[in-house]
Amino acid sequence: MMIGDSALAREFWEQGKAASCPIYDMHGHMGDFHSIYFPRGDTAAMISTMDECGVRMLVFSHHTALFSPDLANTRSVEAVRRFPERLRAYCVINPNYPEIVEREVASFDSLFPDVYVGFKFLSDYHQVALTDDRYRPAWEYADARGLLVLAHTWGGSRFDGEDVVRQVAERYPNIKFLLGHSCHGAWDAAVQLARDFPNVYLELTAVFDDRGVIEKFVREAGSDRMLFGTDLPWFDPHHAIGVLLNADITDDDRHNICHRNAERLLTPLTGSQSTL
Amino acid sequence: MKFFDCNAFFGLPSLRPLMPAPTTDELLAEMDRAGVERALVWHIAQHDGAPRVGNQLLAEAIAPHPRLVGCWTVLPNQAREFPPPAELFRQMQASRVAALRVFPNAHKFLLNTVSMGDLLEAMTMRRVPLFVSVKRGMAWHDVYNLLAEFPALVCVICDHGCWGEDRMFRPLLERYPNVYVDTAQYLLDGGIEALVADYGPRHILFGSGFPESYFGGMMMALRHAQISDEAKALIAGGNLERIIDENLSTDLTDETD
């Protein structure tokens, strides 16, 4: 026996991927980042990793979009246009530059859904709370159209902790609200948010390293509310896959987490491209 | 591949976790479920409680289980809480304990010649591995200072962080011949491949971080890493066998300090 004793475990262990279980990675990045060395950070290398791990689609935000306002979302757009069958982007909003926010939101329509499927907020790093008015144009735009919003969320944070998340979840019931890192560490609060708001999803980047959380989420929130994510190129998707196979959950749960939930979210946005 | 985990513990932490492994029964059951053959283990009481309490709990618990090898915790010995190095090593061998851990931050001491020179010198001579955990408070500058003073020490840097620590440990791998890193927090995509390409596979040890992390994560990452099967076998268990098993078999009867 290796890792687990299910059919999926055997297939993934032997092949590195499973034909019946494609993966949609809903939380990625791309390119260089100041404090981490990435052996596989460029677009082509990331696509290669996706091939090896059976990742059909990555929804990402380029590091330059997050940390280099001069470039904003340009490199995300370029990457998606280069690999349109494998990539979609979140339009990053850096609320420290309202004039850029206005420009990026105005450009969204022309890039949806071929490039963008939603917005990405990184409040802890940008040090502006999700409830701040500077985010409002993007929240309202996304809420009016039922877009995805992936927000970095971290337990106890005054910028994007569970209490802040609850406030914006109440304000914007039409978005598909992906809690990046699932309010990391505030696991009970994350479960409660998923229970209280049907449009809230628990995204699992950096959660895979905390043994027991996967089982808790499946048991208390349901695997139909959980999404696969890795911060690629930060974390090896095979690590996350190994965790899912080793965790005490069913193959049906694994299918939900790896692809079914993401397909359900992306199909209405991508329309005819629902077979991505 | 045969997996020999260098970094797992059992016992009840003082703060209740989501999914502890209270005893060796739970630990071994999970090892079986994952397919881990052997493990170098410690008891959480060595950190959360007191080293001597935890060391005793560990020795008693692993005694019936030859798949488990122990890793005790030590302190500066000015107050003679532990026997002198030669006697400590004999007690370790008698208890199937093959390595030592320190937690300088939690246990309030400085890991250097002034505090622990006798033991660190003896460990270097006897090639007894010292495990340090970045996750449990071992600061990088303290690792650098330690190795500057004991450049031949067998030192395993574990739990070195998932947020990109290559710039911290790569200089140590380049300078010191007996430095190893474990995989417990090394989730970096392509990290294993890049390390093997630059330094070879002999200084990487499979570690899970169980029960705080899953066995299966890094097992899967290593299984499908783009390196040779020989390199995978060394990382999965061969390297740890090489540095551990000699300590279990050396005749220490006539050793003195």
# chains A, B, ... in the order shown; residues from 1 in each chain; ligands from 1
$ select_by_dssp --residues "range 12-260 of chain A" --states "strand (DSSP E)" --output "VMD selection string"
chain A and resid 23 to 28 55 to 60 87 to 93 116 to 121 148 to 154 176 to 184 200 to 203 226 to 227
$ write_last_selection --atoms "C-alpha atoms" --output "tab-separated table (two decimals), in the first residue's frame"
chain	number	residue	atom	x	y	z
A	23	ILE	CA	-7.40	19.00	-11.43
A	24	TYR	CA	-8.45	22.63	-11.51
A	25	ASP	CA	-5.96	24.66	-9.50
A	26	MET	CA	-7.91	27.75	-8.45
A	27	HIS	CA	-5.08	29.63	-6.75
A	28	GLY	CA	-1.88	30.18	-8.67
A	55	VAL	CA	-3.73	19.90	-13.74
A	56	ARG	CA	-6.10	20.79	-16.55
A	57	MET	CA	-6.58	24.46	-15.68
A	58	LEU	CA	-4.82	27.01	-13.49
A	59	VAL	CA	-6.49	30.25	-12.44
A	60	PHE	CA	-3.76	32.59	-11.33
A	87	LEU	CA	-4.84	29.32	-18.01
A	88	ARG	CA	-7.30	31.92	-16.78
A	89	ALA	CA	-6.41	34.94	-14.69
A	90	TYR	CA	-7.79	36.87	-11.77
A	91	CYS	CA	-7.64	40.62	-12.32
A	92	VAL	CA	-5.56	41.87	-9.38
A	93	ILE	CA	-6.77	44.91	-7.51
A	116	TYR	CA	-10.30	36.98	-16.68
A	117	VAL	CA	-12.83	35.04	-14.63
A	118	GLY	CA	-12.77	37.25	-11.57
A	119	PHE	CA	-10.73	39.40	-9.19
A	120	LYS	CA	-7.90	38.73	-6.77
A	121	PHE	CA	-7.44	40.69	-3.52
A	148	LEU	CA	-15.22	34.84	-8.82
A	149	VAL	CA	-13.34	36.77	-6.16
A	150	LEU	CA	-10.30	35.05	-4.70
A	151	ALA	CA	-9.19	36.85	-1.56
A	152	HIS	CA	-6.17	35.95	0.53
A	153	THR	CA	-7.71	35.27	3.96
A	154	TRP	CA	-5.79	34.62	7.15
A	176	LYS	CA	-18.47	33.43	-5.86
A	177	PHE	CA	-16.27	34.13	-2.87
A	178	LEU	CA	-13.16	31.95	-2.74
A	179	LEU	CA	-11.48	32.21	0.66
A	180	GLY	CA	-7.83	31.80	-0.26
A	181	HIS	CA	-6.13	29.71	2.45
A	182	SER	CA	-9.53	29.29	4.14
A	183	CYS	CA	-8.91	31.93	6.84
A	184	HIS	CA	-5.74	30.01	7.65
A	200	VAL	CA	-18.42	31.00	0.02
A	201	TYR	CA	-15.82	28.36	-0.90
A	202	LEU	CA	-12.86	27.09	1.09
A	203	GLU	CA	-9.73	27.25	-1.06
A	226	MET	CA	-13.71	23.01	-1.13
A	227	LEU	CA	-11.35	23.97	-3.94
$ interface_residues --of "chain B" --to "chain A" --cutoff "9 Å" --atoms "only C-alpha atoms" --output "PyMOL selection string"
chain B and resi 17-20+32-36+162-167+185-191+193-194+210-225
$ write_last_selection --atoms "N, CA and C atoms" --output "compact mmCIF listing (two decimals), in the first residue's frame"
# COMPACT_ATOMS: atom_id res chain seq x y z
N PRO B 17 -4.13 19.47 19.29
CA PRO B 17 -4.19 19.66 17.83
C PRO B 17 -5.43 18.98 17.26
N LEU B 18 -5.67 19.19 15.96
CA LEU B 18 -6.83 18.57 15.32
C LEU B 18 -6.70 17.05 15.31
N MET B 19 -5.51 16.55 15.03
CA MET B 19 -5.39 15.12 14.80
C MET B 19 -4.05 14.60 15.35
N PRO B 20 -3.96 14.41 16.65
CA PRO B 20 -2.69 13.94 17.22
C PRO B 20 -2.47 12.45 16.96
N ASP B 32 1.62 2.45 8.39
CA ASP B 32 1.17 1.31 7.57
C ASP B 32 0.22 1.78 6.48
N ARG B 33 -0.69 2.68 6.84
CA ARG B 33 -1.67 3.15 5.87
C ARG B 33 -1.01 3.91 4.73
N ALA B 34 0.07 4.62 5.06
CA ALA B 34 0.76 5.41 4.04
C ALA B 34 1.82 4.60 3.30
N GLY B 35 2.35 3.57 3.96
CA GLY B 35 3.44 2.82 3.35
C GLY B 35 4.82 3.30 3.77
N VAL B 36 4.94 3.76 5.00
CA VAL B 36 6.24 4.18 5.55
C VAL B 36 6.80 3.02 6.36
N CYS B 162 7.95 26.39 4.42
CA CYS B 162 7.38 26.24 3.07
C CYS B 162 7.40 27.54 2.30
N TRP B 163 7.89 28.62 2.92
CA TRP B 163 7.81 29.93 2.27
C TRP B 163 9.12 30.31 1.59
N GLY B 164 9.90 29.32 1.19
CA GLY B 164 11.08 29.61 0.41
C GLY B 164 12.31 29.86 1.26
N GLU B 165 13.01 28.80 1.63
CA GLU B 165 14.17 28.93 2.49
C GLU B 165 15.47 28.57 1.78
N ASP B 166 15.42 28.39 0.47
CA ASP B 166 16.63 27.98 -0.25
C ASP B 166 17.80 28.92 0.01
N ARG B 167 17.50 30.21 0.09
CA ARG B 167 18.58 31.18 0.26
C ARG B 167 19.20 31.08 1.64
N GLN B 185 8.79 20.45 5.17
CA GLN B 185 8.13 21.70 4.78
C GLN B 185 8.60 22.16 3.40
N TYR B 186 9.32 21.31 2.70
CA TYR B 186 9.91 21.73 1.43
C TYR B 186 8.94 21.44 0.30
N LEU B 187 7.89 22.27 0.23
CA LEU B 187 6.81 22.04 -0.72
C LEU B 187 7.06 22.70 -2.06
N LEU B 188 8.17 23.39 -2.17
CA LEU B 188 8.48 24.19 -3.36
C LEU B 188 8.40 23.35 -4.63
N ASP B 189 7.63 23.82 -5.61
CA ASP B 189 7.53 23.09 -6.86
C ASP B 189 8.89 23.05 -7.56
N GLY B 190 9.37 21.85 -7.83
CA GLY B 190 10.67 21.70 -8.48
C GLY B 190 11.84 21.82 -7.52
N GLY B 191 11.56 21.97 -6.24
CA GLY B 191 12.63 22.18 -5.27
C GLY B 191 13.56 20.99 -5.15
N GLU B 193 14.11 18.61 -7.29
CA GLU B 193 14.88 18.45 -8.53
C GLU B 193 16.03 19.45 -8.60
N ALA B 194 15.76 20.69 -8.21
CA ALA B 194 16.79 21.72 -8.29
C ALA B 194 17.91 21.45 -7.29
N PHE B 210 4.98 14.44 10.42
CA PHE B 210 3.83 13.79 11.04
C PHE B 210 3.92 13.95 12.57
N PRO B 211 2.82 14.15 13.26
CA PRO B 211 1.42 14.15 12.83
C PRO B 211 0.88 15.54 12.48
N GLU B 212 1.73 16.54 12.46
CA GLU B 212 1.24 17.88 12.08
C GLU B 212 1.05 17.97 10.57
N SER B 213 1.79 17.15 9.84
CA SER B 213 1.62 17.07 8.39
C SER B 213 1.33 15.62 8.01
N TYR B 214 0.87 15.44 6.79
CA TYR B 214 0.54 14.09 6.30
C TYR B 214 1.80 13.41 5.76
N PHE B 215 1.89 12.10 5.97
CA PHE B 215 2.96 11.35 5.33
C PHE B 215 2.89 11.50 3.80
N GLY B 216 1.66 11.46 3.28
CA GLY B 216 1.48 11.28 1.84
C GLY B 216 1.93 12.44 0.97
N GLY B 217 1.97 13.66 1.53
CA GLY B 217 2.29 14.81 0.70
C GLY B 217 3.67 14.71 0.07
N MET B 218 4.68 14.63 0.90
CA MET B 218 6.04 14.60 0.34
C MET B 218 6.39 13.23 -0.23
N MET B 219 5.67 12.17 0.20
CA MET B 219 5.87 10.86 -0.46
C MET B 219 5.51 10.97 -1.94
N MET B 220 4.36 11.59 -2.18
CA MET B 220 3.90 11.74 -3.57
C MET B 220 4.84 12.65 -4.35
N ALA B 221 5.27 13.74 -3.71
CA ALA B 221 6.18 14.67 -4.40
C ALA B 221 7.48 13.97 -4.77
N LEU B 222 8.00 13.15 -3.85
CA LEU B 222 9.26 12.46 -4.14
C LEU B 222 9.06 11.35 -5.18
N ARG B 223 7.94 10.63 -5.07
CA ARG B 223 7.66 9.54 -6.01
C ARG B 223 7.71 10.04 -7.45
N HIS B 224 7.21 11.27 -7.66
CA HIS B 224 7.11 11.78 -9.03
C HIS B 224 8.09 12.91 -9.32
N ALA B 225 9.07 13.08 -8.46
CA ALA B 225 10.13 14.06 -8.75
C ALA B 225 10.90 13.59 -9.98
$ atom_distance --atom1 "CA of Leu58 in chain B" --atom2 "CA of Ala39 in chain B"
12.9 Å
$ select_by_dssp --residues "range 22-238 of chain B" --states "helix (DSSP H, G or I)" --output "MDAnalysis selection string"
chainID B and resid 24:34 45:48 51:62 85:94 104:107 113:126 140:149 166:175 191:199 215:223 229:238
$ residues_around --residues "range 227-241 of chain B" --least-positions-apart "4" --cutoff "7 Å" --atoms "only C-alpha atoms" --output "PDB file with N, CA and C atoms, in the first residue's frame"
ATOM      1  N   MET B   1      10.373   2.183  -3.658  1.00  0.00           N
ATOM      2  CA  MET B   1      11.047   3.032  -2.677  1.00  0.00           C
ATOM      3  C   MET B   1      10.680   2.597  -1.264  1.00  0.00           C
ATOM      4  N   LYS B   2      11.678   2.574  -0.400  1.00  0.00           N
ATOM      5  CA  LYS B   2      11.427   2.308   1.014  1.00  0.00           C
ATOM      6  C   LYS B   2      11.547   3.625   1.771  1.00  0.00           C
ATOM      7  N   PHE B   3      10.476   3.994   2.451  1.00  0.00           N
ATOM      8  CA  PHE B   3      10.462   5.282   3.140  1.00  0.00           C
ATOM      9  C   PHE B   3      10.893   5.103   4.601  1.00  0.00           C
ATOM     10  N   PHE B   4      11.912   5.866   4.986  1.00  0.00           N
ATOM     11  CA  PHE B   4      12.402   5.923   6.362  1.00  0.00           C
ATOM     12  C   PHE B   4      12.304   7.395   6.762  1.00  0.00           C
ATOM     13  N   CYS B   6      12.510  10.734   8.739  1.00  0.00           N
ATOM     14  CA  CYS B   6      13.458  11.269   9.730  1.00  0.00           C
ATOM     15  C   CYS B   6      12.810  12.239  10.698  1.00  0.00           C
ATOM     16  N   GLU B 193      14.110  18.613  -7.287  1.00  0.00           N
ATOM     17  CA  GLU B 193      14.877  18.450  -8.527  1.00  0.00           C
ATOM     18  C   GLU B 193      16.029  19.451  -8.599  1.00  0.00           C
ATOM     19  N   PRO B 201      21.891  14.001  -4.425  1.00  0.00           N
ATOM     20  CA  PRO B 201      20.788  13.575  -3.566  1.00  0.00           C
ATOM     21  C   PRO B 201      21.187  13.188  -2.145  1.00  0.00           C
ATOM     22  N   ARG B 202      22.462  13.250  -1.814  1.00  0.00           N
ATOM     23  CA  ARG B 202      22.916  12.629  -0.574  1.00  0.00           C
ATOM     24  C   ARG B 202      22.696  13.481   0.672  1.00  0.00           C
ATOM     25  N   ILE B 204      19.676  15.188   1.304  1.00  0.00           N
ATOM     26  CA  ILE B 204      18.238  15.420   1.468  1.00  0.00           C
ATOM     27  C   ILE B 204      17.638  14.186   2.134  1.00  0.00           C
ATOM     28  N   LEU B 205      16.871  14.392   3.179  1.00  0.00           N
ATOM     29  CA  LEU B 205      16.243  13.288   3.904  1.00  0.00           C
ATOM     30  C   LEU B 205      14.723  13.424   3.835  1.00  0.00           C
ATOM     31  N   PHE B 206      14.070  12.302   3.542  1.00  0.00           N
ATOM     32  CA  PHE B 206      12.607  12.325   3.610  1.00  0.00           C
ATOM     33  C   PHE B 206      12.171  12.526   5.057  1.00  0.00           C
ATOM     34  N   LEU B 222       8.001  13.154  -3.855  1.00  0.00           N
ATOM     35  CA  LEU B 222       9.261  12.455  -4.138  1.00  0.00           C
ATOM     36  C   LEU B 222       9.059  11.352  -5.176  1.00  0.00           C
ATOM     37  N   ASP B 245      22.171   4.190  11.076  1.00  0.00           N
ATOM     38  CA  ASP B 245      22.374   2.802  11.473  1.00  0.00           C
ATOM     39  C   ASP B 245      23.777   2.546  12.003  1.00  0.00           C
TER      40      ASP B 245
END
$ residues_around --residues "range 120-129 of chain B" --least-positions-apart "6" --cutoff "9 Å" --atoms "only C-alpha atoms" --output "JSON, numbers by chain"
{"B": [85, 86, 89, 98, 99, 100, 101, 112, 113, 150, 151, 152, 153, 154, 155, 156, 243, 244, 246, 247, 257]}
$ write_last_selection --atoms "C-alpha atoms" --output "PDB file, in the first residue's frame"
ATOM      1  CA  PRO B  85      28.636  12.256  26.531  1.00  0.00           C
ATOM      2  CA  ALA B  86      30.110   8.717  26.518  1.00  0.00           C
ATOM      3  CA  PHE B  89      25.718   7.644  23.938  1.00  0.00           C
ATOM      4  CA  ALA B  98      20.386   7.210  17.305  1.00  0.00           C
ATOM      5  CA  ALA B  99      20.139  10.994  17.144  1.00  0.00           C
ATOM      6  CA  LEU B 100      19.580  14.075  19.281  1.00  0.00           C
ATOM      7  CA  ARG B 101      17.399  17.160  19.043  1.00  0.00           C
ATOM      8  CA  ASN B 112      27.264  27.146  21.113  1.00  0.00           C
ATOM      9  CA  THR B 113      30.650  26.103  22.436  1.00  0.00           C
ATOM     10  CA  PHE B 150      31.388  22.789  14.579  1.00  0.00           C
ATOM     11  CA  PRO B 151      31.866  22.531  10.830  1.00  0.00           C
ATOM     12  CA  ALA B 152      32.003  18.722  10.827  1.00  0.00           C
ATOM     13  CA  LEU B 153      28.872  18.208  12.944  1.00  0.00           C
ATOM     14  CA  VAL B 154      26.234  15.978  11.385  1.00  0.00           C
ATOM     15  CA  CYS B 155      23.370  18.474  11.434  1.00  0.00           C
ATOM     16  CA  VAL B 156      19.901  17.874  10.045  1.00  0.00           C
ATOM     17  CA  ILE B 243      23.851   8.204   8.962  1.00  0.00           C
ATOM     18  CA  ILE B 244      21.695   6.483  11.596  1.00  0.00           C
ATOM     19  CA  GLU B 246      26.112   3.120  12.093  1.00  0.00           C
ATOM     20  CA  ASN B 247      25.299   4.735  15.435  1.00  0.00           C
ATOM     21  CA  ASP B 257      34.871  11.103  27.649  1.00  0.00           C
TER      22      ASP B 257
END
$ residues_around --residues "Leu40 in chain B" --least-positions-apart "2" --cutoff "7 Å" --atoms "only C-alpha atoms" --output "count of residues only"
8
$ residues_around --residues "Pro171 in chain B" --least-positions-apart "5" --cutoff "12 Å" --atoms "only C-alpha atoms" --output "PDB file with N, CA and C atoms, in the first residue's frame"
ATOM      1  N   TRP B 140      17.859  30.937  11.952  1.00  0.00           N
ATOM      2  CA  TRP B 140      18.891  30.628  10.949  1.00  0.00           C
ATOM      3  C   TRP B 140      20.267  31.128  11.363  1.00  0.00           C
ATOM      4  N   VAL B 143      21.834  28.617  13.460  1.00  0.00           N
ATOM      5  CA  VAL B 143      22.347  27.464  12.705  1.00  0.00           C
ATOM      6  C   VAL B 143      23.704  27.820  12.081  1.00  0.00           C
ATOM      7  N   TYR B 144      23.774  29.013  11.517  1.00  0.00           N
ATOM      8  CA  TYR B 144      25.039  29.444  10.905  1.00  0.00           C
ATOM      9  C   TYR B 144      26.156  29.502  11.948  1.00  0.00           C
ATOM     10  N   LEU B 147      27.312  25.946  13.049  1.00  0.00           N
ATOM     11  CA  LEU B 147      28.142  25.225  12.077  1.00  0.00           C
ATOM     12  C   LEU B 147      29.502  25.916  11.885  1.00  0.00           C
ATOM     13  N   GLU B 165      13.005  28.798   1.627  1.00  0.00           N
ATOM     14  CA  GLU B 165      14.173  28.935   2.492  1.00  0.00           C
ATOM     15  C   GLU B 165      15.468  28.569   1.777  1.00  0.00           C
ATOM     16  N   ASP B 166      15.425  28.387   0.474  1.00  0.00           N
ATOM     17  CA  ASP B 166      16.634  27.978  -0.246  1.00  0.00           C
ATOM     18  C   ASP B 166      17.801  28.920   0.010  1.00  0.00           C
ATOM     19  N   TYR B 176      29.378  23.117   4.333  1.00  0.00           N
ATOM     20  CA  TYR B 176      29.591  22.122   5.382  1.00  0.00           C
ATOM     21  C   TYR B 176      29.246  20.725   4.866  1.00  0.00           C
ATOM     22  N   PRO B 177      30.173  19.767   5.044  1.00  0.00           N
ATOM     23  CA  PRO B 177      29.995  18.458   4.399  1.00  0.00           C
ATOM     24  C   PRO B 177      28.933  17.573   5.042  1.00  0.00           C
ATOM     25  N   VAL B 179      25.934  18.566   6.513  1.00  0.00           N
ATOM     26  CA  VAL B 179      24.630  19.210   6.689  1.00  0.00           C
ATOM     27  C   VAL B 179      23.596  18.521   5.797  1.00  0.00           C
ATOM     28  N   TYR B 180      22.424  18.307   6.373  1.00  0.00           N
ATOM     29  CA  TYR B 180      21.306  17.691   5.654  1.00  0.00           C
ATOM     30  C   TYR B 180      20.067  18.571   5.825  1.00  0.00           C
ATOM     31  N   LEU B 195      17.539  20.988  -6.098  1.00  0.00           N
ATOM     32  CA  LEU B 195      18.563  20.666  -5.100  1.00  0.00           C
ATOM     33  C   LEU B 195      19.439  19.506  -5.561  1.00  0.00           C
ATOM     34  N   ASP B 198      21.885  20.565  -8.169  1.00  0.00           N
ATOM     35  CA  ASP B 198      22.982  21.424  -7.710  1.00  0.00           C
ATOM     36  C   ASP B 198      23.906  20.745  -6.700  1.00  0.00           C
ATOM     37  N   TYR B 199      23.352  19.854  -5.859  1.00  0.00           N
ATOM     38  CA  TYR B 199      24.144  19.293  -4.760  1.00  0.00           C
ATOM     39  C   TYR B 199      24.121  17.773  -4.701  1.00  0.00           C
TER      40      TYR B 199
END
$ atom_distance --atom1 "CA of Gln93 in chain B" --atom2 "CA of Asp251 in chain B"
9.3 Å
$ residues_around --residues "Tyr141 in chain A" --least-positions-apart "6" --cutoff "12 Å" --atoms "only C-alpha atoms" --output "PDB file with N, CA and C atoms, in the first residue's frame"
ATOM      1  N   CYS A  91      -8.074  39.236 -12.186  1.00  0.00           N
ATOM      2  CA  CYS A  91      -7.643  40.624 -12.316  1.00  0.00           C
ATOM      3  C   CYS A  91      -7.288  41.132 -10.912  1.00  0.00           C
ATOM      4  N   VAL A 101      -6.848  50.887 -10.093  1.00  0.00           N
ATOM      5  CA  VAL A 101      -8.037  50.059  -9.880  1.00  0.00           C
ATOM      6  C   VAL A 101      -9.119  50.442 -10.878  1.00  0.00           C
ATOM      7  N   GLU A 102      -9.341  51.735 -11.004  1.00  0.00           N
ATOM      8  CA  GLU A 102     -10.381  52.215 -11.916  1.00  0.00           C
ATOM      9  C   GLU A 102     -10.086  51.756 -13.350  1.00  0.00           C
ATOM     10  N   GLU A 104      -8.187  49.177 -14.315  1.00  0.00           N
ATOM     11  CA  GLU A 104      -8.246  47.725 -14.468  1.00  0.00           C
ATOM     12  C   GLU A 104      -9.688  47.224 -14.481  1.00  0.00           C
ATOM     13  N   VAL A 105     -10.526  47.792 -13.634  1.00  0.00           N
ATOM     14  CA  VAL A 105     -11.938  47.389 -13.627  1.00  0.00           C
ATOM     15  C   VAL A 105     -12.586  47.761 -14.962  1.00  0.00           C
ATOM     16  N   ALA A 106     -12.212  48.928 -15.463  1.00  0.00           N
ATOM     17  CA  ALA A 106     -12.794  49.359 -16.747  1.00  0.00           C
ATOM     18  C   ALA A 106     -12.369  48.433 -17.891  1.00  0.00           C
ATOM     19  N   SER A 107     -11.203  47.829 -17.759  1.00  0.00           N
ATOM     20  CA  SER A 107     -10.713  46.957 -18.834  1.00  0.00           C
ATOM     21  C   SER A 107     -11.246  45.536 -18.722  1.00  0.00           C
ATOM     22  N   PHE A 108     -11.877  45.222 -17.591  1.00  0.00           N
ATOM     23  CA  PHE A 108     -12.253  43.829 -17.316  1.00  0.00           C
ATOM     24  C   PHE A 108     -13.144  43.253 -18.417  1.00  0.00           C
ATOM     25  N   ASP A 109     -14.152  44.022 -18.790  1.00  0.00           N
ATOM     26  CA  ASP A 109     -15.159  43.502 -19.711  1.00  0.00           C
ATOM     27  C   ASP A 109     -14.544  43.025 -21.020  1.00  0.00           C
ATOM     28  N   GLY A 118     -12.435  36.614 -12.836  1.00  0.00           N
ATOM     29  CA  GLY A 118     -12.772  37.252 -11.566  1.00  0.00           C
ATOM     30  C   GLY A 118     -11.644  38.137 -11.084  1.00  0.00           C
ATOM     31  N   PHE A 119     -11.714  38.485  -9.783  1.00  0.00           N
ATOM     32  CA  PHE A 119     -10.731  39.397  -9.186  1.00  0.00           C
ATOM     33  C   PHE A 119      -9.929  38.681  -8.105  1.00  0.00           C
ATOM     34  N   TYR A 135     -11.754  49.126  -2.374  1.00  0.00           N
ATOM     35  CA  TYR A 135     -12.070  47.888  -3.097  1.00  0.00           C
ATOM     36  C   TYR A 135     -13.460  47.935  -3.742  1.00  0.00           C
ATOM     37  N   LEU A 147     -19.174  37.136 -10.537  1.00  0.00           N
ATOM     38  CA  LEU A 147     -17.806  36.693 -10.839  1.00  0.00           C
ATOM     39  C   LEU A 147     -17.166  36.016  -9.637  1.00  0.00           C
ATOM     40  N   LEU A 148     -16.032  35.371  -9.905  1.00  0.00           N
ATOM     41  CA  LEU A 148     -15.218  34.836  -8.821  1.00  0.00           C
ATOM     42  C   LEU A 148     -14.430  35.980  -8.182  1.00  0.00           C
ATOM     43  N   VAL A 149     -14.300  35.916  -6.864  1.00  0.00           N
ATOM     44  CA  VAL A 149     -13.339  36.766  -6.158  1.00  0.00           C
ATOM     45  C   VAL A 149     -12.509  35.858  -5.265  1.00  0.00           C
ATOM     46  N   TYR A 172     -22.015  41.208  -0.340  1.00  0.00           N
ATOM     47  CA  TYR A 172     -21.949  40.835  -1.760  1.00  0.00           C
ATOM     48  C   TYR A 172     -22.356  39.365  -1.947  1.00  0.00           C
ATOM     49  N   ASN A 174     -23.782  37.855  -4.364  1.00  0.00           N
ATOM     50  CA  ASN A 174     -23.800  37.262  -5.713  1.00  0.00           C
ATOM     51  C   ASN A 174     -22.438  36.840  -6.228  1.00  0.00           C
ATOM     52  N   ILE A 175     -21.393  37.297  -5.576  1.00  0.00           N
ATOM     53  CA  ILE A 175     -20.068  36.847  -6.024  1.00  0.00           C
ATOM     54  C   ILE A 175     -19.868  35.384  -5.645  1.00  0.00           C
TER      55      ILE A 175
END
